Amino acid sequence: MTSLDTRVPAVLLRIDPNPFHHGTLGAVRSLGRAGVEVHMVADSVGTPHARSRYVSGTHAPPAPGASVAKIAAVLRQVAARIGRRSVLVPMDDASAIAVSRLGADLKDDYLLPDQPVGLAERVADKAELATVCGRLGIPHPMTLVPGSADQAAAFARQLGLPVVAKWSRPWRLPPGSGLRSTVVLRSPEEAQALFRRTDEADSRLLLQAYLPPAPGRDWFAHGYVDRNGAVRGGGSGRKQRAWPRGAGLTTVGSWVPNPEVQALGERLVSTLGFRGIFDLDFRLDGTTNAYHLLDFNPRPGAQFRLFADTAGVDVVRSLHLDLTHRPVVVGDPQPGRDFVVENYAPLTALRLRRRREFAWYAGDDLAPGFALWGLWCRHAARRLSARRPAPQVRIVRQAGAPPSLPSPTSPTSWAD
């Protein structure tokens, strides 16, 4: 195992309150197992990752939608409590964008990659990413940004149905709104209706040509770009299952070398001068056989632990090693490993095999896995309850009494 500088703590920052973010737990375990003191600035009340034996401290996060100034104030408070300069690891897009803006202001308290100002926000913004890909010649689905509801309908027809709809800055979506970062629309009317929620989303709506999913077409590439511009600690993987199906997070993935995907990713980050951890999503166009870049996440992907080599180096450890000026001893790649998120793919998780990384279960850290299942069962019960139709009330009319109709908003039905 590569030796990390255990004198330097790590602070994981996540503003998104998602309690099922297994990537956070992966980062906690990766650094904690190497002897690094790990602090979490994230929603920790009742969350599985807060139960990990490798968490040294938890701190209240900024509220979703907090200003950059508020995020900076929270991070300075955490730094004062720790009392030592720490490596800062943003775990979601909102965190990565804020840290990118605050780099100069945080440099006395935290170690950070020398990221070009504003670059994280440009690549995370899905509309801006389309422009970047067009300029650099990176294949990307045709993307149109409507300026009105009628134009949204017209663009949907132009691109051909079904069409993919994305909010350009999904980290701004208000919690509880029901808005999802990506949806597949099947009519111009759906495009019109979604556009009318633009103000609520606080983001531009964009429409993309639909590339049909199929087995073997969905790929991802992870890596860490060090201070010299070298890509370390990652690899290419194939998405075998996703949730939601065809357009969501990886629930089962495998480490499969794909030189074309890796070359595209490395050319992109090199041309942009990107520094830090990246997670790229690609889909193979079955017509042209070109890999199209779908998303650029300027932070660790949730399944980053898939790409741990024989020396134990992954993108999070690469970050810590580089920022503390420790030599990175590169181990051998381990293609053939797979990654399973148990709560989304329980049947796959039950089929045991060697060289598998679980999102939640770990023999040396059992508490998060147990906490997950209790929380997941309650979550599933709430979802089922919300979908259950309202009870039907049978109204019986007495003989001779005039019929009375239920309120139009009442969930009742009645019969003689």
# chains A, B, ... in the order shown; residues from 1 in each chain; ligands from 1
>>> residues_around(residues="range 122-137 of chain A", least_positions_apart="4", cutoff="9 Å", atoms="only C-alpha atoms", output="PDB file with all heavy atoms, in the first residue's frame")
ATOM      1  N   ASP A  93     -21.350  18.262  -7.192  1.00  0.00           N
ATOM      2  CA  ASP A  93     -21.077  19.356  -8.125  1.00  0.00           C
ATOM      3  C   ASP A  93     -21.124  20.721  -7.444  1.00  0.00           C
ATOM      4  O   ASP A  93     -20.281  21.586  -7.702  1.00  0.00           O
ATOM      5  CB  ASP A  93     -22.077  19.313  -9.281  1.00  0.00           C
ATOM      6  CG  ASP A  93     -21.824  18.153 -10.234  1.00  0.00           C
ATOM      7  OD1 ASP A  93     -20.719  17.588 -10.176  1.00  0.00           O
ATOM      8  OD2 ASP A  93     -22.722  17.827 -11.018  1.00  0.00           O
ATOM      9  N   ILE A  97     -17.927  23.268  -7.470  1.00  0.00           N
ATOM     10  CA  ILE A  97     -18.006  24.596  -8.086  1.00  0.00           C
ATOM     11  C   ILE A  97     -17.666  25.683  -7.067  1.00  0.00           C
ATOM     12  O   ILE A  97     -16.914  26.622  -7.361  1.00  0.00           O
ATOM     13  CB  ILE A  97     -19.410  24.801  -8.685  1.00  0.00           C
ATOM     14  CG1 ILE A  97     -19.574  23.887  -9.896  1.00  0.00           C
ATOM     15  CG2 ILE A  97     -19.648  26.251  -9.059  1.00  0.00           C
ATOM     16  CD1 ILE A  97     -20.999  23.714 -10.333  1.00  0.00           C
ATOM     17  N   GLY A 118     -13.283  29.015 -12.552  1.00  0.00           N
ATOM     18  CA  GLY A 118     -14.495  28.909 -13.352  1.00  0.00           C
ATOM     19  C   GLY A 118     -14.600  27.667 -14.207  1.00  0.00           C
ATOM     20  O   GLY A 118     -15.661  27.402 -14.789  1.00  0.00           O
ATOM     21  N   PRO A 141     -23.953  14.601 -28.049  1.00  0.00           N
ATOM     22  CA  PRO A 141     -25.265  14.616 -28.693  1.00  0.00           C
ATOM     23  C   PRO A 141     -25.660  16.035 -29.102  1.00  0.00           C
ATOM     24  O   PRO A 141     -25.345  17.001 -28.403  1.00  0.00           O
ATOM     25  CB  PRO A 141     -26.198  14.088 -27.599  1.00  0.00           C
ATOM     26  CG  PRO A 141     -25.319  13.321 -26.666  1.00  0.00           C
ATOM     27  CD  PRO A 141     -24.000  14.025 -26.687  1.00  0.00           C
ATOM     28  N   MET A 142     -26.348  16.150 -30.246  1.00  0.00           N
ATOM     29  CA  MET A 142     -26.835  17.466 -30.665  1.00  0.00           C
ATOM     30  C   MET A 142     -27.682  18.065 -29.559  1.00  0.00           C
ATOM     31  O   MET A 142     -28.583  17.426 -29.018  1.00  0.00           O
ATOM     32  CB  MET A 142     -27.658  17.358 -31.950  1.00  0.00           C
ATOM     33  CG  MET A 142     -28.190  18.702 -32.435  1.00  0.00           C
ATOM     34  SD  MET A 142     -29.154  18.582 -33.958  1.00  0.00           S
ATOM     35  CE  MET A 142     -27.831  18.231 -35.116  1.00  0.00           C
ATOM     36  N   THR A 143     -27.377  19.316 -29.204  1.00  0.00           N
ATOM     37  CA  THR A 143     -28.017  19.965 -28.061  1.00  0.00           C
ATOM     38  C   THR A 143     -28.587  21.311 -28.482  1.00  0.00           C
ATOM     39  O   THR A 143     -27.902  22.108 -29.130  1.00  0.00           O
ATOM     40  CB  THR A 143     -26.990  20.166 -26.923  1.00  0.00           C
ATOM     41  OG1 THR A 143     -26.472  18.898 -26.525  1.00  0.00           O
ATOM     42  CG2 THR A 143     -27.639  20.850 -25.724  1.00  0.00           C
ATOM     43  N   LEU A 144     -29.834  21.570 -28.105  1.00  0.00           N
ATOM     44  CA  LEU A 144     -30.502  22.834 -28.404  1.00  0.00           C
ATOM     45  C   LEU A 144     -31.060  23.408 -27.110  1.00  0.00           C
ATOM     46  O   LEU A 144     -31.567  22.667 -26.257  1.00  0.00           O
ATOM     47  CB  LEU A 144     -31.640  22.630 -29.402  1.00  0.00           C
ATOM     48  CG  LEU A 144     -31.238  22.044 -30.772  1.00  0.00           C
ATOM     49  CD1 LEU A 144     -32.478  21.755 -31.607  1.00  0.00           C
ATOM     50  CD2 LEU A 144     -30.300  22.991 -31.509  1.00  0.00           C
ATOM     51  N   VAL A 145     -30.958  24.730 -26.963  1.00  0.00           N
ATOM     52  CA  VAL A 145     -31.429  25.403 -25.756  1.00  0.00           C
ATOM     53  C   VAL A 145     -32.606  26.290 -26.136  1.00  0.00           C
ATOM     54  O   VAL A 145     -32.419  27.354 -26.739  1.00  0.00           O
ATOM     55  CB  VAL A 145     -30.308  26.236 -25.110  1.00  0.00           C
ATOM     56  CG1 VAL A 145     -30.806  26.891 -23.829  1.00  0.00           C
ATOM     57  CG2 VAL A 145     -29.085  25.374 -24.829  1.00  0.00           C
ATOM     58  N   LYS A 166     -32.564  18.037 -20.169  1.00  0.00           N
ATOM     59  CA  LYS A 166     -31.664  18.200 -19.024  1.00  0.00           C
ATOM     60  C   LYS A 166     -31.755  19.634 -18.525  1.00  0.00           C
ATOM     61  O   LYS A 166     -31.915  20.569 -19.314  1.00  0.00           O
ATOM     62  CB  LYS A 166     -30.205  17.903 -19.411  1.00  0.00           C
ATOM     63  CG  LYS A 166     -29.922  16.471 -19.823  1.00  0.00           C
ATOM     64  CD  LYS A 166     -28.445  16.284 -20.147  1.00  0.00           C
ATOM     65  CE  LYS A 166     -28.122  14.838 -20.510  1.00  0.00           C
ATOM     66  NZ  LYS A 166     -26.674  14.664 -20.801  1.00  0.00           N
ATOM     67  N   TRP A 167     -31.614  19.788 -17.223  1.00  0.00           N
ATOM     68  CA  TRP A 167     -31.424  21.124 -16.645  1.00  0.00           C
ATOM     69  C   TRP A 167     -29.924  21.389 -16.638  1.00  0.00           C
ATOM     70  O   TRP A 167     -29.135  20.557 -16.188  1.00  0.00           O
ATOM     71  CB  TRP A 167     -32.012  21.195 -15.240  1.00  0.00           C
ATOM     72  CG  TRP A 167     -33.495  21.008 -15.233  1.00  0.00           C
ATOM     73  CD1 TRP A 167     -34.186  19.914 -14.789  1.00  0.00           C
ATOM     74  CD2 TRP A 167     -34.478  21.930 -15.727  1.00  0.00           C
ATOM     75  NE1 TRP A 167     -35.538  20.095 -14.970  1.00  0.00           N
ATOM     76  CE2 TRP A 167     -35.751  21.328 -15.544  1.00  0.00           C
ATOM     77  CE3 TRP A 167     -34.410  23.202 -16.300  1.00  0.00           C
ATOM     78  CZ2 TRP A 167     -36.935  21.959 -15.911  1.00  0.00           C
ATOM     79  CZ3 TRP A 167     -35.597  23.833 -16.665  1.00  0.00           C
ATOM     80  CH2 TRP A 167     -36.842  23.219 -16.478  1.00  0.00           C
ATOM     81  N   SER A 168     -29.533  22.543 -17.141  1.00  0.00           N
ATOM     82  CA  SER A 168     -28.112  22.801 -17.345  1.00  0.00           C
ATOM     83  C   SER A 168     -27.330  22.813 -16.035  1.00  0.00           C
ATOM     84  O   SER A 168     -26.164  22.414 -16.002  1.00  0.00           O
ATOM     85  CB  SER A 168     -27.910  24.123 -18.099  1.00  0.00           C
ATOM     86  OG  SER A 168     -28.382  25.216 -17.331  1.00  0.00           O
ATOM     87  N   ARG A 169     -27.957  23.265 -14.948  1.00  0.00           N
ATOM     88  CA  ARG A 169     -27.276  23.318 -13.648  1.00  0.00           C
ATOM     89  C   ARG A 169     -28.101  22.561 -12.602  1.00  0.00           C
ATOM     90  O   ARG A 169     -28.791  23.158 -11.774  1.00  0.00           O
ATOM     91  CB  ARG A 169     -27.066  24.781 -13.228  1.00  0.00           C
ATOM     92  CG  ARG A 169     -26.209  25.544 -14.222  1.00  0.00           C
ATOM     93  CD  ARG A 169     -25.857  26.933 -13.754  1.00  0.00           C
ATOM     94  NE  ARG A 169     -24.906  27.548 -14.670  1.00  0.00           N
ATOM     95  CZ  ARG A 169     -24.231  28.652 -14.416  1.00  0.00           C
ATOM     96  NH1 ARG A 169     -24.408  29.289 -13.261  1.00  0.00           N
ATOM     97  NH2 ARG A 169     -23.376  29.142 -15.288  1.00  0.00           N
ATOM     98  N   PRO A 170     -28.044  21.242 -12.648  1.00  0.00           N
ATOM     99  CA  PRO A 170     -28.941  20.442 -11.804  1.00  0.00           C
ATOM    100  C   PRO A 170     -28.723  20.629 -10.310  1.00  0.00           C
ATOM    101  O   PRO A 170     -29.625  20.329  -9.519  1.00  0.00           O
ATOM    102  CB  PRO A 170     -28.646  18.999 -12.235  1.00  0.00           C
ATOM    103  CG  PRO A 170     -27.295  19.052 -12.877  1.00  0.00           C
ATOM    104  CD  PRO A 170     -27.202  20.401 -13.511  1.00  0.00           C
ATOM    105  N   ARG A 204     -31.298  26.719 -16.999  1.00  0.00           N
ATOM    106  CA  ARG A 204     -31.777  26.614 -18.372  1.00  0.00           C
ATOM    107  C   ARG A 204     -32.159  25.178 -18.704  1.00  0.00           C
ATOM    108  O   ARG A 204     -31.499  24.233 -18.268  1.00  0.00           O
ATOM    109  CB  ARG A 204     -30.691  27.069 -19.350  1.00  0.00           C
ATOM    110  CG  ARG A 204     -30.405  28.551 -19.330  1.00  0.00           C
ATOM    111  CD  ARG A 204     -29.396  28.924 -20.403  1.00  0.00           C
ATOM    112  NE  ARG A 204     -28.075  28.391 -20.099  1.00  0.00           N
ATOM    113  CZ  ARG A 204     -27.030  28.456 -20.930  1.00  0.00           C
ATOM    114  NH1 ARG A 204     -27.177  29.003 -22.124  1.00  0.00           N
ATOM    115  NH2 ARG A 204     -25.863  27.968 -20.576  1.00  0.00           N
ATOM    116  N   LEU A 205     -33.207  25.026 -19.502  1.00  0.00           N
ATOM    117  CA  LEU A 205     -33.576  23.707 -20.015  1.00  0.00           C
ATOM    118  C   LEU A 205     -32.881  23.506 -21.353  1.00  0.00           C
ATOM    119  O   LEU A 205     -32.857  24.405 -22.196  1.00  0.00           O
ATOM    120  CB  LEU A 205     -35.091  23.611 -20.199  1.00  0.00           C
ATOM    121  CG  LEU A 205     -35.604  22.276 -20.759  1.00  0.00           C
ATOM    122  CD1 LEU A 205     -35.440  21.166 -19.733  1.00  0.00           C
ATOM    123  CD2 LEU A 205     -37.060  22.395 -21.198  1.00  0.00           C
ATOM    124  N   LEU A 206     -32.312  22.330 -21.537  1.00  0.00           N
ATOM    125  CA  LEU A 206     -31.741  22.009 -22.836  1.00  0.00           C
ATOM    126  C   LEU A 206     -32.305  20.681 -23.312  1.00  0.00           C
ATOM    127  O   LEU A 206     -32.675  19.814 -22.513  1.00  0.00           O
ATOM    128  CB  LEU A 206     -30.208  21.988 -22.797  1.00  0.00           C
ATOM    129  CG  LEU A 206     -29.497  21.042 -21.825  1.00  0.00           C
ATOM    130  CD1 LEU A 206     -29.249  19.692 -22.480  1.00  0.00           C
ATOM    131  CD2 LEU A 206     -28.186  21.647 -21.374  1.00  0.00           C
ATOM    132  N   LEU A 268      -9.466  15.676 -23.465  1.00  0.00           N
ATOM    133  CA  LEU A 268     -10.358  16.727 -22.979  1.00  0.00           C
ATOM    134  C   LEU A 268      -9.755  17.460 -21.794  1.00  0.00           C
ATOM    135  O   LEU A 268      -9.658  18.692 -21.785  1.00  0.00           O
ATOM    136  CB  LEU A 268     -11.709  16.115 -22.603  1.00  0.00           C
ATOM    137  CG  LEU A 268     -12.756  17.058 -22.008  1.00  0.00           C
ATOM    138  CD1 LEU A 268     -13.108  18.162 -22.994  1.00  0.00           C
ATOM    139  CD2 LEU A 268     -14.003  16.271 -21.613  1.00  0.00           C
ATOM    140  N   THR A 271      -6.535  19.478 -22.775  1.00  0.00           N
ATOM    141  CA  THR A 271      -6.784  20.690 -23.556  1.00  0.00           C
ATOM    142  C   THR A 271      -7.361  21.797 -22.683  1.00  0.00           C
ATOM    143  O   THR A 271      -7.031  22.981 -22.855  1.00  0.00           O
ATOM    144  CB  THR A 271      -7.746  20.379 -24.713  1.00  0.00           C
ATOM    145  OG1 THR A 271      -7.212  19.317 -25.507  1.00  0.00           O
ATOM    146  CG2 THR A 271      -7.947  21.602 -25.589  1.00  0.00           C
ATOM    147  N   LEU A 293     -19.644  12.160 -25.323  1.00  0.00           N
ATOM    148  CA  LEU A 293     -19.558  12.581 -23.927  1.00  0.00           C
ATOM    149  C   LEU A 293     -20.920  13.101 -23.477  1.00  0.00           C
ATOM    150  O   LEU A 293     -21.476  14.014 -24.084  1.00  0.00           O
ATOM    151  CB  LEU A 293     -18.499  13.676 -23.771  1.00  0.00           C
ATOM    152  CG  LEU A 293     -18.318  14.219 -22.349  1.00  0.00           C
ATOM    153  CD1 LEU A 293     -17.757  13.151 -21.419  1.00  0.00           C
ATOM    154  CD2 LEU A 293     -17.404  15.443 -22.349  1.00  0.00           C
ATOM    155  N   LEU A 294     -21.454  12.519 -22.407  1.00  0.00           N
ATOM    156  CA  LEU A 294     -22.752  12.939 -21.889  1.00  0.00           C
ATOM    157  C   LEU A 294     -22.627  13.879 -20.703  1.00  0.00           C
ATOM    158  O   LEU A 294     -23.411  14.817 -20.565  1.00  0.00           O
ATOM    159  CB  LEU A 294     -23.581  11.717 -21.480  1.00  0.00           C
ATOM    160  CG  LEU A 294     -23.858  10.668 -22.562  1.00  0.00           C
ATOM    161  CD1 LEU A 294     -24.734   9.560 -21.985  1.00  0.00           C
ATOM    162  CD2 LEU A 294     -24.504  11.286 -23.783  1.00  0.00           C
ATOM    163  N   ASP A 295     -21.673  13.610 -19.812  1.00  0.00           N
ATOM    164  CA  ASP A 295     -21.529  14.406 -18.587  1.00  0.00           C
ATOM    165  C   ASP A 295     -20.073  14.509 -18.193  1.00  0.00           C
ATOM    166  O   ASP A 295     -19.286  13.567 -18.397  1.00  0.00           O
ATOM    167  CB  ASP A 295     -22.311  13.778 -17.427  1.00  0.00           C
ATOM    168  CG  ASP A 295     -23.805  14.007 -17.540  1.00  0.00           C
ATOM    169  OD1 ASP A 295     -24.221  15.167 -17.703  1.00  0.00           O
ATOM    170  OD2 ASP A 295     -24.567  13.025 -17.488  1.00  0.00           O
ATOM    171  N   PHE A 296     -19.722  15.648 -17.591  1.00  0.00           N
ATOM    172  CA  PHE A 296     -18.396  15.877 -17.015  1.00  0.00           C
ATOM    173  C   PHE A 296     -18.626  16.311 -15.579  1.00  0.00           C
ATOM    174  O   PHE A 296     -19.112  17.406 -15.321  1.00  0.00           O
ATOM    175  CB  PHE A 296     -17.677  16.975 -17.803  1.00  0.00           C
ATOM    176  CG  PHE A 296     -16.219  17.174 -17.442  1.00  0.00           C
ATOM    177  CD1 PHE A 296     -15.278  17.320 -18.451  1.00  0.00           C
ATOM    178  CD2 PHE A 296     -15.782  17.227 -16.116  1.00  0.00           C
ATOM    179  CE1 PHE A 296     -13.919  17.531 -18.150  1.00  0.00           C
ATOM    180  CE2 PHE A 296     -14.449  17.416 -15.799  1.00  0.00           C
ATOM    181  CZ  PHE A 296     -13.522  17.569 -16.821  1.00  0.00           C
ATOM    182  N   ASN A 297     -18.291  15.432 -14.651  1.00  0.00           N
ATOM    183  CA  ASN A 297     -18.431  15.734 -13.225  1.00  0.00           C
ATOM    184  C   ASN A 297     -17.055  16.077 -12.661  1.00  0.00           C
ATOM    185  O   ASN A 297     -16.169  15.214 -12.635  1.00  0.00           O
ATOM    186  CB  ASN A 297     -19.018  14.536 -12.481  1.00  0.00           C
ATOM    187  CG  ASN A 297     -20.369  14.125 -13.046  1.00  0.00           C
ATOM    188  OD1 ASN A 297     -21.272  14.940 -13.135  1.00  0.00           O
ATOM    189  ND2 ASN A 297     -20.497  12.870 -13.459  1.00  0.00           N
ATOM    190  N   PRO A 298     -16.840  17.319 -12.194  1.00  0.00           N
ATOM    191  CA  PRO A 298     -15.512  17.735 -11.714  1.00  0.00           C
ATOM    192  C   PRO A 298     -15.264  17.341 -10.261  1.00  0.00           C
ATOM    193  O   PRO A 298     -14.848  18.159  -9.443  1.00  0.00           O
ATOM    194  CB  PRO A 298     -15.565  19.259 -11.890  1.00  0.00           C
ATOM    195  CG  PRO A 298     -17.003  19.599 -11.657  1.00  0.00           C
ATOM    196  CD  PRO A 298     -17.809  18.448 -12.198  1.00  0.00           C
TER     197      PRO A 298
END
>>> residues_around(residues="Ala371 in chain A", least_positions_apart="3", cutoff="8 Å", atoms="only C-alpha atoms", output="list in words")
Thr47, Pro48, Arg51, Ala367, Pro368, Gly374 and Leu375 of chain A
>>> residues_around(residues="Ala308 in chain A", least_positions_apart="2", cutoff="8 Å", atoms="only C-alpha atoms", output="PyMOL selection string")
chain A and resi 233-234+304-306+310-314+333-334
>>> residues_around(residues="range 150-155 of chain A", least_positions_apart="4", cutoff="10 Å", atoms="only C-alpha atoms", output="compact mmCIF listing (two decimals) with C-alpha atoms, in the first residue's frame")
# COMPACT_ATOMS: atom_id res chain seq x y z
CA THR A 143 -28.02 19.96 -28.06
CA LEU A 144 -30.50 22.83 -28.40
CA VAL A 145 -31.43 25.40 -25.76
CA PRO A 146 -35.00 26.69 -26.20
CA LEU A 159 -34.35 16.50 -32.76
CA GLY A 160 -36.79 13.63 -33.13
CA LEU A 161 -38.79 11.94 -30.41
CA VAL A 163 -35.73 13.49 -26.78
CA ALA A 165 -34.27 16.96 -21.50
CA SER A 187 -44.01 14.46 -26.96
CA PRO A 188 -43.66 18.17 -27.80
CA GLU A 189 -46.28 18.90 -25.15
CA GLU A 190 -44.04 17.38 -22.47
CA ALA A 191 -41.22 19.68 -23.63
CA GLN A 192 -43.53 22.70 -23.36
CA ALA A 193 -44.69 21.73 -19.88
CA LEU A 194 -41.16 21.22 -18.64
CA PHE A 195 -39.94 24.52 -20.07
CA ARG A 196 -42.65 26.35 -18.12
CA LEU A 205 -33.58 23.71 -20.02
CA LEU A 206 -31.74 22.01 -22.84
CA LEU A 207 -32.89 19.31 -25.24
CA GLN A 208 -30.55 16.65 -26.61
CA ALA A 209 -30.79 14.07 -29.34
>>> atom_distance(atom1="CA of Ile15 in chain A", atom2="CA of Glu121 in chain A")
15.5 Å
>>> closest_residue(among="A:Arg326, A:Arg351, A:Arg356, A:Arg227", to="Leu112 in chain A", atoms="only C-alpha atoms")
A:Arg227
>>> atom_distance(atom1="CA of Gly331 in chain A", atom2="CA of Asp309 in chain A")
5.4 Å
>>> select_by_dssp(residues="range 3-251 of chain A", states="helix (DSSP H, G or I)", output="PyMOL selection string")
chain A and resi 22-33+48-51+68-82+93-106+119-124+126-136+149-159+170-172+188-195+198-201
>>> residues_around(residues="Glu266 in chain A", least_positions_apart="6", cutoff="9 Å", atoms="only C-alpha atoms", output="ChimeraX atom specification")
/A:223,230-231
>>> residues_around(residues="Tyr224 in chain A", least_positions_apart="3", cutoff="6 Å", atoms="only C-alpha atoms", output="compact mmCIF listing (two decimals) with C-alpha atoms, in the first residue's frame")
# COMPACT_ATOMS: atom_id res chain seq x y z
CA VAL A 231 -3.68 11.51 -15.24
CA ARG A 232 -3.48 9.07 -12.35
CA GLY A 276 -8.20 17.51 -9.87
CA ILE A 277 -10.59 14.56 -9.90
CA VAL A 315 -8.41 8.95 -7.46
>>> closest_residue(among="A:Glu260, A:Asp226, A:Glu37, A:Asp218", to="Ile138 in chain A", atoms="only C-alpha atoms")
A:Glu260
